[in-house]
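K.L.:
Attaching a single structure in structure tokens format; questions to follow.
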2 protein chains.
Amino acid sequence: MGEGGPGHLFSRAAAVLCGQAAVPHGGDLDAARRLFPEAPEPWLDLSTGINPVPYPCPPLPPSAVERLPSAAEHRRLREAAALAYGAPDPARVVPAPGTQILIETLPRLRAPGRVAVLGPTYAEHAAAWTRSGHAVETVADPDALAAADVAVVVNPNNPDGRRLPRSALLDLAGRLHGRGGLLVVDEAFADFEPEDSLCGHPSPGLAVLRSFGKAYGLAGLRLGFVLAEPDLAAAVAAALGPWAVSGPALHIGAAALADLPWRAEAAASRLADAARLDRMIRRGGGEVVGGTALFRTADVADGPALFRKLGEAGIYVRRFPEAPSRLRFGLPASPEDWCRLSRQLK
Amino acid sequence: MGEGGPGHLFSRAAAVLCGQAAVPHGGDLDAARRLFPEAPEPWLDLSTGINPVPYPCPPLPPSAVERLPSAAEHRRLREAAALAYGAPDPARVVPAPGTQILIETLPRLRAPGRVAVLGPTYAEHAAAWTRSGHAVETVADPDALAAADVAVVVNPNNPDGRRLPRSALLDLAGRLHGRGGLLVVDEAFADFEPEDSLCGHPSPGLAVLRSFGKAYGLAGLRLGFVLAEPDLAAAVAAALGPWAVSGPALHIGAAALADLPWRAEAAASRLADAARLDRMIRRGGGEVVGGTALFRTADVADGPALFRKLGEAGIYVRRFPEAPSRLRFGLPASPEDWCRLSRQLK
């Protein structure tokens with residue numbers, strides 16, 4: 001068994017074998033239906049941060065599913081990703097079947113050490129480093145990150161939208177690298193707000209994660225990227241092996257990432273939606289604590305009561321067991337969905 | 001870095017970063033075009049063992065690409081795979097984005113030991129165990145497998161079609177398990193010839209790999225499975241993380257695997273094609289040494305000359321640097337493709 005022994009792998013066995021995550025996530029409507037069996041169908045799923053207006057997929061040529069992905073298709077995807085993310089070198093952009101498998105893979109490429117995760121944040125980071133035998137601490141103060149061997153920052157952060165400026169992160173990466181360390185920056189929600197993105201600033205000791213499915217509304221396609229220095233990029237690519245990314249993901253991903261006008265329009269629309277959602281939440285008495293263009297997070301007087309009220313109306317939002325007054329709202333898309341949410345927040 | 005240190009990961013860096021395998025494979029038409037720049041287009045690619053008559057894909061619902069795969073979809077795929085493979089327990093069937101990533105993952109789940117691969121065979125097995133720091137020996141005699149910690153058998157074998165009987169493999173798994181060992185049986189080509197498949201005979205110390213893309217002609221979809229005892233199944237699932245398999249693969253895979261009549265018809269057709277291909281090869285002076293329903297392997301008087309003759313005619317077959325007289329032929333599909341090959345083999 002790997003360096004951490006088999007034990008850490010088995011703890012989440014049952015959940016993972018059922019295709020579920022060991023840590024809670026949004027998007028599981030089966031769970032919503034179990035919680036609220038009387039709720040009207042169809043559900044309005046606002047429990048994720050996935051763009052509800054997906055990129056209009058080009059038709060898939062039969063070759064995309066029939067043939068093994070070719071080196072040329074792989075290259076085209078990496079070039080489109082480098083263009084979209086402002087990365088100078090496509091060779092440092094490694095695609096994967098979703099960001100989650102990258103979150104699983106990075107911890108296995110380093111000897112166990114001290115890992116600091118800036119939290120609270122997306123729970124899979126701390127869980128994956130812990131599973132691989134690292135000593136993980138969640139810290140609230142960015143200044144505490146520099147003392148670790150590996151620091152993990154989600155920027156902008158999920159769920160509270162906290163941003164760390166690019167300059168601070170580059171400084172942190174440099175300090176960590178000086179001691180053989182690594183800074184992992186998860187930019188899953190940076191597509192529509194790329195101001196602080198590090199993709200255009202490759203740096204030793206820095207690995208940036210990008211998710212394709214959230215901003216492009218195509219989470220089922222399974223596509224994510226790591227941008228890293230050549231040695232780490234090569235190590236991740238080797239761990240995934242050739243052909244890890246499906247033909248549909250290569251084909252649709254390359255088309256979508258190269259479509260910069262679509263992204264600009266989507267960013268403007270989703271940012272306007274986010275502002276509208278903020279107004280709606282505030283009108284309902286909630287205090288918006290932050291978020292991104294794809295979700296808004298609010299504290300409300302009685303979180304469990306509002307979660308239940310929404311659930312009974314067939315609206316599923318994300319709650320946080322460790323912060324009962326906090327709820328995260330994804331964006332509605334259709335006028336009907338906006339009305340449906342508005343009625344419950346009045 | 002993992003137990004083997006980073007070095008073994010970097011050796012194949014450049015190739016993997018380009019989406020190519022470090023060991024030679026069929027299916028790379030770009031390579032064929034470089035070898036034979038004057039060849040007529042379109043190429044007839046007979047360099048793989050992928051069914052040239054793909055499963056007729058059902059239309060994808062938008063949810064398959066837009067939403068994160070659900071636990072229910074995951075369960076449906078595992079149940080369809082268990083049905084198709086004759087496995088008694090869907091919980092022991094772990095899907096992955098292609099078999100290749102399973103070949104990469106299994107070696108990382110065991111401490112370095114002695115690995116015996118029955119060869120010559122598909123080269124990625126020995127390469128992956130070596131990369132993870134195991135001492136790998138390729139053995140020609142099945143009796144030599146039992147002395148290792150891990151034995152790897154491709155059954156039926158690629159490229160020569162050698163079969164080991166089920167009883168011998170179960171006996172071997174039992175002996176290895178008695179010493180804490182593992183038998184890995186890669187049944188990538190067993191779908192149309194399942195007589196010796198071990199999927200219906202779960203056994204401690206046994207891991208069976210199944211490929212979806214080859215028999216169903218959908219290699220670009222990226223879908224493969226490992227069938228193993230609960231602990232190992234859980235460890236693999238944990239290493240892949242949730243959502244490693246794309247929505248299109250879950251959707252199309254479940255439909256295709258449940259379609260047993262299609263598979264029966266495809267098996268009969270491909271076996272008839274294989275017999276026709278054997279006759280054609282023999283008429284051209286080749287000696288068929290074996291194969292499966294999806295490819296035929298032959299020794300010819302002058303392998304390099306025939307490879308070149310075919311290549312100049314735009315027909316790409318698989319050659320083996322270590323056995324220059326040996327060529328592997330995939331199946332043509334259309335009457336025109338059969339004629340095109342027949343003309344060159346006369």
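Scheme for the structure tokens: letters A, B, ... for chains in order shown; per-chain residue numbers from 1; ligand numbers from 1 in order shown.
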Output the coordinates of chain B after least-squares fitting to chain A on all in-order C-alpha pairs, as a compact mmCIF listing (two decimals) with C-alpha atoms, in the first residue's frame.
P.N.:
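As a result, result17.txt now contains:
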```txt
# COMPACT_ATOMS: atom_id res chain seq x y z
CA MET B 1 0.13 0.11 -0.19
CA GLY B 2 1.17 3.71 -0.67
CA GLU B 3 3.07 5.75 1.84
CA GLY B 4 0.10 6.31 4.12
CA GLY B 5 -0.82 2.63 4.24
CA PRO B 6 -4.19 1.33 3.17
CA GLY B 7 -6.11 2.44 6.24
CA HIS B 8 -6.70 6.00 5.17
CA LEU B 9 -8.13 4.80 1.88
CA PHE B 10 -10.73 2.54 3.38
CA SER B 11 -12.41 5.03 5.66
CA ARG B 12 -14.52 6.52 2.90
CA ALA B 13 -15.00 3.21 1.15
CA ALA B 14 -18.74 2.78 1.37
CA ALA B 15 -19.53 6.33 0.31
CA VAL B 16 -17.12 6.36 -2.63
CA LEU B 17 -18.26 2.96 -3.86
CA CYS B 18 -21.72 4.43 -4.12
CA GLY B 19 -20.40 7.29 -6.22
CA GLN B 20 -20.83 9.70 -3.35
CA ALA B 21 -18.29 11.91 -1.71
CA ALA B 22 -17.24 11.28 1.86
CA VAL B 23 -17.60 14.96 2.66
CA PRO B 24 -20.94 16.67 2.07
CA HIS B 25 -21.47 18.43 -1.25
CA GLY B 26 -24.21 20.21 -3.06
CA GLY B 27 -25.86 18.75 -6.11
CA ASP B 28 -27.21 15.55 -4.55
CA LEU B 29 -30.92 15.85 -5.29
CA ASP B 30 -31.50 12.28 -4.11
CA ALA B 31 -30.50 13.50 -0.65
CA ALA B 32 -32.87 16.45 -1.00
CA ARG B 33 -35.72 14.11 -1.92
CA ARG B 34 -35.04 11.97 1.13
CA LEU B 35 -35.09 15.05 3.36
CA PHE B 36 -38.25 16.50 1.84
CA PRO B 37 -40.31 13.66 0.37
CA GLU B 38 -43.40 15.87 0.03
CA ALA B 39 -41.65 18.64 -1.92
CA PRO B 40 -43.00 19.50 -5.37
CA GLU B 41 -41.10 18.25 -8.41
CA PRO B 42 -39.11 19.29 -10.30
CA TRP B 43 -36.63 20.47 -7.72
CA LEU B 44 -34.92 23.81 -8.12
CA ASP B 45 -31.34 22.85 -7.33
CA LEU B 46 -29.48 25.89 -5.97
CA SER B 47 -27.11 23.75 -3.92
CA THR B 48 -24.14 23.99 -6.30
CA GLY B 49 -21.97 26.72 -7.77
CA ILE B 50 -22.45 25.46 -11.31
CA ASN B 51 -23.46 27.96 -13.99
CA PRO B 52 -27.15 27.24 -14.68
CA VAL B 53 -26.78 28.56 -18.25
CA PRO B 54 -24.41 26.02 -19.79
CA TYR B 55 -22.13 26.60 -22.73
CA PRO B 56 -24.02 25.56 -25.89
CA CYS B 57 -22.22 22.33 -26.70
CA PRO B 58 -21.18 21.84 -30.31
CA PRO B 59 -22.39 18.53 -31.75
CA LEU B 60 -19.97 15.72 -30.99
CA PRO B 61 -18.40 14.06 -34.03
CA PRO B 62 -18.64 10.25 -33.76
CA SER B 63 -14.84 10.10 -33.60
CA ALA B 64 -14.93 11.87 -30.22
CA VAL B 65 -16.45 8.80 -28.59
CA GLU B 66 -15.27 6.08 -30.97
CA ARG B 67 -11.52 6.69 -31.25
CA LEU B 68 -8.92 7.00 -28.54
CA PRO B 69 -8.18 10.69 -27.99
CA SER B 70 -5.26 11.74 -30.17
CA ALA B 71 -2.17 13.72 -29.25
CA ALA B 72 -3.37 16.53 -31.54
CA GLU B 73 -6.74 16.78 -29.74
CA HIS B 74 -4.93 16.80 -26.42
CA ARG B 75 -2.66 19.62 -27.61
CA ARG B 76 -5.63 21.64 -28.90
CA LEU B 77 -7.32 21.43 -25.49
CA ARG B 78 -4.16 22.51 -23.66
CA GLU B 79 -3.73 25.46 -26.03
CA ALA B 80 -7.35 26.54 -25.56
CA ALA B 81 -6.98 26.27 -21.79
CA ALA B 82 -3.76 28.30 -21.83
CA LEU B 83 -5.53 30.97 -23.88
CA ALA B 84 -8.58 31.04 -21.61
CA TYR B 85 -6.54 31.12 -18.40
CA GLY B 86 -3.85 33.51 -19.62
CA ALA B 87 -1.12 30.91 -19.13
CA PRO B 88 2.05 31.53 -21.12
CA ASP B 89 2.93 27.87 -21.74
CA PRO B 90 0.40 25.16 -22.75
CA ALA B 91 2.97 22.49 -21.82
CA ARG B 92 2.45 23.37 -18.17
CA VAL B 93 -1.31 22.94 -18.40
CA VAL B 94 -2.28 19.36 -17.55
CA PRO B 95 -5.90 18.32 -18.17
CA ALA B 96 -7.63 15.74 -15.99
CA PRO B 97 -11.08 14.15 -15.75
CA GLY B 98 -12.27 16.81 -13.32
CA THR B 99 -10.47 18.79 -10.64
CA GLN B 100 -11.43 16.29 -7.93
CA ILE B 101 -8.98 13.66 -9.17
CA LEU B 102 -6.26 16.33 -9.13
CA ILE B 103 -7.13 17.14 -5.51
CA GLU B 104 -6.71 13.38 -4.83
CA THR B 105 -3.48 13.12 -6.81
CA LEU B 106 -1.39 16.08 -5.59
CA PRO B 107 -1.09 14.80 -1.98
CA ARG B 108 0.21 11.44 -3.22
CA LEU B 109 3.10 13.14 -5.05
CA ARG B 110 4.73 14.50 -1.89
CA ALA B 111 6.18 12.83 1.19
CA PRO B 112 3.95 13.42 4.23
CA GLY B 113 4.43 16.87 5.73
CA ARG B 114 2.61 19.76 7.34
CA VAL B 115 -0.27 21.13 5.29
CA ALA B 116 -2.11 24.37 6.08
CA VAL B 117 -5.49 24.96 4.45
CA LEU B 118 -6.94 28.46 4.58
CA GLY B 119 -10.44 27.83 5.84
CA PRO B 120 -13.23 27.34 6.15
CA THR B 121 -13.28 26.26 2.51
CA TYR B 122 -14.05 23.41 0.11
CA ALA B 123 -13.64 20.38 2.35
CA GLU B 124 -12.06 17.95 -0.14
CA HIS B 125 -8.63 19.63 0.09
CA ALA B 126 -8.08 18.93 3.78
CA ALA B 127 -9.68 15.49 3.40
CA ALA B 128 -7.40 14.46 0.52
CA TRP B 129 -4.15 15.61 2.16
CA THR B 130 -5.21 13.88 5.38
CA ARG B 131 -5.97 10.65 3.53
CA SER B 132 -2.45 10.65 2.11
CA GLY B 133 -0.88 10.83 5.54
CA HIS B 134 -0.11 14.56 5.78
CA ALA B 135 -0.66 16.52 8.99
CA VAL B 136 -3.37 19.00 8.03
CA GLU B 137 -4.31 22.15 9.89
CA THR B 138 -7.09 24.51 8.86
CA VAL B 139 -6.02 28.09 9.56
CA ALA B 140 -8.08 31.26 9.42
CA ASP B 141 -5.15 33.68 9.11
CA PRO B 142 -3.34 33.82 5.75
CA ASP B 143 -0.14 34.71 7.61
CA ALA B 144 -0.16 31.25 9.19
CA LEU B 145 0.18 29.57 5.78
CA ALA B 146 3.87 30.28 5.27
CA ALA B 147 4.97 28.04 8.14
CA ALA B 148 3.64 24.88 6.48
CA ASP B 149 5.24 22.62 3.87
CA VAL B 150 2.17 22.88 1.69
CA ALA B 151 -0.39 25.68 1.77
CA VAL B 152 -3.81 25.40 0.14
CA VAL B 153 -5.89 28.46 -0.76
CA VAL B 154 -9.18 28.50 -2.65
CA ASN B 155 -9.30 31.88 -4.42
CA PRO B 156 -11.91 33.25 -4.65
CA ASN B 157 -13.00 31.14 -1.71
CA ASN B 158 -15.96 28.81 -1.53
CA PRO B 159 -18.28 29.48 0.24
CA ASP B 160 -17.51 33.01 1.51
CA GLY B 161 -15.91 34.53 -1.58
CA ARG B 162 -12.83 35.74 0.33
CA ARG B 163 -10.08 36.91 -2.08
CA LEU B 164 -6.37 37.02 -1.48
CA PRO B 165 -4.52 39.42 -3.77
CA ARG B 166 -2.20 38.00 -6.39
CA SER B 167 0.85 39.72 -4.95
CA ALA B 168 0.36 38.12 -1.53
CA LEU B 169 -0.04 34.68 -3.08
CA LEU B 170 3.06 35.03 -5.27
CA ASP B 171 5.01 36.15 -2.25
CA LEU B 172 3.72 33.14 -0.30
CA ALA B 173 4.62 30.75 -3.17
CA GLY B 174 8.13 32.15 -3.21
CA ARG B 175 8.58 31.72 0.51
CA LEU B 176 7.26 28.16 0.46
CA HIS B 177 9.40 27.27 -2.55
CA GLY B 178 12.49 28.56 -0.76
CA ARG B 179 11.98 25.78 1.76
CA GLY B 180 10.99 23.09 -0.79
CA GLY B 181 7.31 23.74 -0.18
CA LEU B 182 4.29 24.14 -2.43
CA LEU B 183 1.36 26.53 -2.68
CA VAL B 184 -1.82 25.05 -4.14
CA VAL B 185 -4.31 27.68 -5.31
CA ASP B 186 -7.72 26.34 -6.32
CA GLU B 187 -9.22 28.83 -8.77
CA ALA B 188 -12.40 26.82 -9.33
CA PHE B 189 -14.45 30.03 -9.31
CA ALA B 190 -12.00 32.42 -10.99
CA ASP B 191 -13.30 32.18 -14.56
CA PHE B 192 -15.71 35.09 -14.29
CA GLU B 193 -13.55 37.05 -11.84
CA PRO B 194 -9.97 36.44 -12.94
CA GLU B 195 -8.45 39.58 -11.43
CA ASP B 196 -6.32 37.73 -8.89
CA SER B 197 -5.67 34.61 -10.98
CA LEU B 198 -2.13 33.27 -10.87
CA CYS B 199 -2.38 31.38 -14.17
CA GLY B 200 -0.52 34.13 -15.97
CA HIS B 201 2.22 34.14 -13.34
CA PRO B 202 3.84 30.70 -13.27
CA SER B 203 6.14 30.43 -10.33
CA PRO B 204 8.26 27.69 -8.79
CA GLY B 205 6.44 26.19 -5.85
CA LEU B 206 3.01 27.04 -7.25
CA ALA B 207 0.25 24.77 -8.52
CA VAL B 208 -3.01 26.30 -9.74
CA LEU B 209 -6.18 24.24 -10.18
CA ARG B 210 -8.88 25.28 -12.64
CA SER B 211 -12.31 23.68 -13.02
CA PHE B 212 -13.99 23.65 -16.40
CA GLY B 213 -17.43 22.41 -15.44
CA LYS B 214 -18.52 25.14 -13.05
CA ALA B 215 -18.20 28.28 -15.17
CA TYR B 216 -19.21 26.51 -18.36
CA GLY B 217 -22.15 24.73 -16.71
CA LEU B 218 -20.89 21.31 -17.84
CA ALA B 219 -19.95 19.56 -14.62
CA GLY B 220 -20.89 16.14 -15.98
CA LEU B 221 -18.23 16.37 -18.69
CA ARG B 222 -15.47 15.98 -16.05
CA LEU B 223 -12.66 18.33 -16.98
CA GLY B 224 -10.19 20.21 -14.84
CA PHE B 225 -6.61 21.40 -15.08
CA VAL B 226 -3.51 21.87 -13.03
CA LEU B 227 -1.02 24.56 -14.05
CA ALA B 228 2.36 23.94 -12.49
CA GLU B 229 6.09 24.01 -12.97
CA PRO B 230 7.33 21.39 -15.47
CA ASP B 231 8.41 18.75 -12.95
CA LEU B 232 5.14 18.78 -11.06
CA ALA B 233 3.08 19.03 -14.26
CA ALA B 234 4.90 15.97 -15.57
CA ALA B 235 4.41 14.04 -12.35
CA VAL B 236 0.66 14.69 -12.38
CA ALA B 237 0.39 13.76 -16.06
CA ALA B 238 2.26 10.52 -15.40
CA ALA B 239 0.03 9.63 -12.46
CA LEU B 240 -3.08 10.11 -14.62
CA GLY B 241 -1.63 8.23 -17.58
CA PRO B 242 -2.49 8.89 -21.20
CA TRP B 243 -6.16 9.16 -22.27
CA ALA B 244 -7.52 10.05 -18.84
CA VAL B 245 -9.62 12.82 -20.39
CA SER B 246 -12.55 11.65 -22.51
CA GLY B 247 -13.09 12.53 -26.15
CA PRO B 248 -16.26 14.53 -25.36
CA ALA B 249 -14.34 16.57 -22.75
CA LEU B 250 -11.45 17.18 -25.16
CA HIS B 251 -13.78 18.22 -27.95
CA ILE B 252 -16.28 20.36 -26.05
CA GLY B 253 -13.65 21.72 -23.66
CA ALA B 254 -11.43 22.98 -26.48
CA ALA B 255 -14.36 24.67 -28.24
CA ALA B 256 -15.71 26.30 -25.10
CA LEU B 257 -12.39 27.51 -23.72
CA ALA B 258 -11.49 29.11 -27.05
CA ASP B 259 -14.79 30.98 -27.09
CA LEU B 260 -13.72 34.09 -25.22
CA PRO B 261 -16.77 36.15 -26.29
CA TRP B 262 -19.11 33.59 -24.71
CA ARG B 263 -17.18 33.76 -21.48
CA ALA B 264 -17.25 37.55 -21.40
CA GLU B 265 -20.99 37.59 -21.94
CA ALA B 266 -21.56 34.83 -19.39
CA ALA B 267 -19.43 36.64 -16.81
CA ALA B 268 -21.44 39.85 -17.21
CA SER B 269 -24.75 37.98 -17.02
CA ARG B 270 -23.82 35.91 -14.00
CA LEU B 271 -22.40 38.90 -12.13
CA ALA B 272 -25.69 40.70 -12.75
CA ASP B 273 -27.55 37.60 -11.54
CA ALA B 274 -25.39 37.51 -8.43
CA ALA B 275 -26.24 41.13 -7.64
CA ARG B 276 -29.95 40.36 -8.16
CA LEU B 277 -29.68 37.36 -5.84
CA ASP B 278 -27.99 39.51 -3.19
CA ARG B 279 -30.90 41.97 -3.30
CA MET B 280 -33.38 39.11 -2.99
CA ILE B 281 -31.54 37.58 -0.03
CA ARG B 282 -31.28 40.95 1.74
CA ARG B 283 -34.95 41.69 1.15
CA GLY B 284 -35.65 38.37 2.89
CA GLY B 285 -33.64 39.49 5.91
CA GLY B 286 -30.39 37.67 5.14
CA GLU B 287 -26.93 39.18 5.42
CA VAL B 288 -24.82 38.39 2.37
CA VAL B 289 -21.36 37.52 3.64
CA GLY B 290 -19.82 36.99 0.20
CA GLY B 291 -19.66 34.66 -2.74
CA THR B 292 -18.68 34.59 -6.38
CA ALA B 293 -20.46 35.16 -9.67
CA LEU B 294 -21.84 31.61 -9.36
CA PHE B 295 -23.13 31.50 -5.78
CA ARG B 296 -23.93 33.79 -2.85
CA THR B 297 -23.48 32.93 0.81
CA ALA B 298 -25.61 34.50 3.53
CA ASP B 299 -26.20 34.38 7.24
CA VAL B 300 -29.86 34.33 8.19
CA ALA B 301 -31.61 34.60 11.53
CA ASP B 302 -32.71 30.95 11.58
CA GLY B 303 -30.75 28.95 9.01
CA PRO B 304 -32.34 25.54 9.70
CA ALA B 305 -35.84 27.04 9.45
CA LEU B 306 -35.13 28.73 6.09
CA PHE B 307 -33.40 25.58 4.76
CA ARG B 308 -36.54 23.63 5.70
CA LYS B 309 -38.94 26.22 4.27
CA LEU B 310 -37.05 26.22 0.98
CA GLY B 311 -36.77 22.43 0.94
CA GLU B 312 -40.49 21.97 1.48
CA ALA B 313 -41.02 24.25 -1.52
CA GLY B 314 -38.67 22.07 -3.61
CA ILE B 315 -35.72 24.47 -3.49
CA TYR B 316 -32.43 22.90 -2.46
CA VAL B 317 -29.69 25.16 -1.12
CA ARG B 318 -26.38 24.31 0.54
CA ARG B 319 -26.19 24.32 4.32
CA PHE B 320 -23.13 23.99 6.56
CA PRO B 321 -23.37 21.72 9.60
CA GLU B 322 -20.62 23.71 11.32
CA ALA B 323 -22.38 27.06 10.73
CA PRO B 324 -26.16 26.55 11.07
CA SER B 325 -27.07 30.16 10.30
CA ARG B 326 -25.21 30.06 6.97
CA LEU B 327 -26.76 29.09 3.63
CA ARG B 328 -25.27 29.16 0.14
CA PHE B 329 -27.47 29.94 -2.84
CA GLY B 330 -26.66 29.02 -6.42
CA LEU B 331 -28.11 31.14 -9.22
CA PRO B 332 -31.59 30.52 -10.62
CA ALA B 333 -31.76 30.64 -14.41
CA SER B 334 -35.28 30.93 -15.80
CA PRO B 335 -37.73 33.70 -14.86
CA GLU B 336 -39.92 31.00 -13.28
CA ASP B 337 -37.05 29.83 -11.07
CA TRP B 338 -36.27 33.38 -9.99
CA CYS B 339 -39.94 33.86 -9.06
CA ARG B 340 -40.04 30.57 -7.21
CA LEU B 341 -37.08 31.58 -5.03
CA SER B 342 -38.34 35.13 -4.60
CA ARG B 343 -41.68 33.88 -3.26
CA GLN B 344 -39.93 31.89 -0.51
CA LEU B 345 -37.56 34.71 0.45
CA LYS B 346 -40.25 37.31 0.90
```
K.L.:
DSSP on the backbone: what in range 46-230 of chain B comes out strand (DSSP E), as number ranges by chain?
P.N.:
B: 46, 93-96, 114-118, 135-139, 150-154, 182-186, 206-211, 224-228
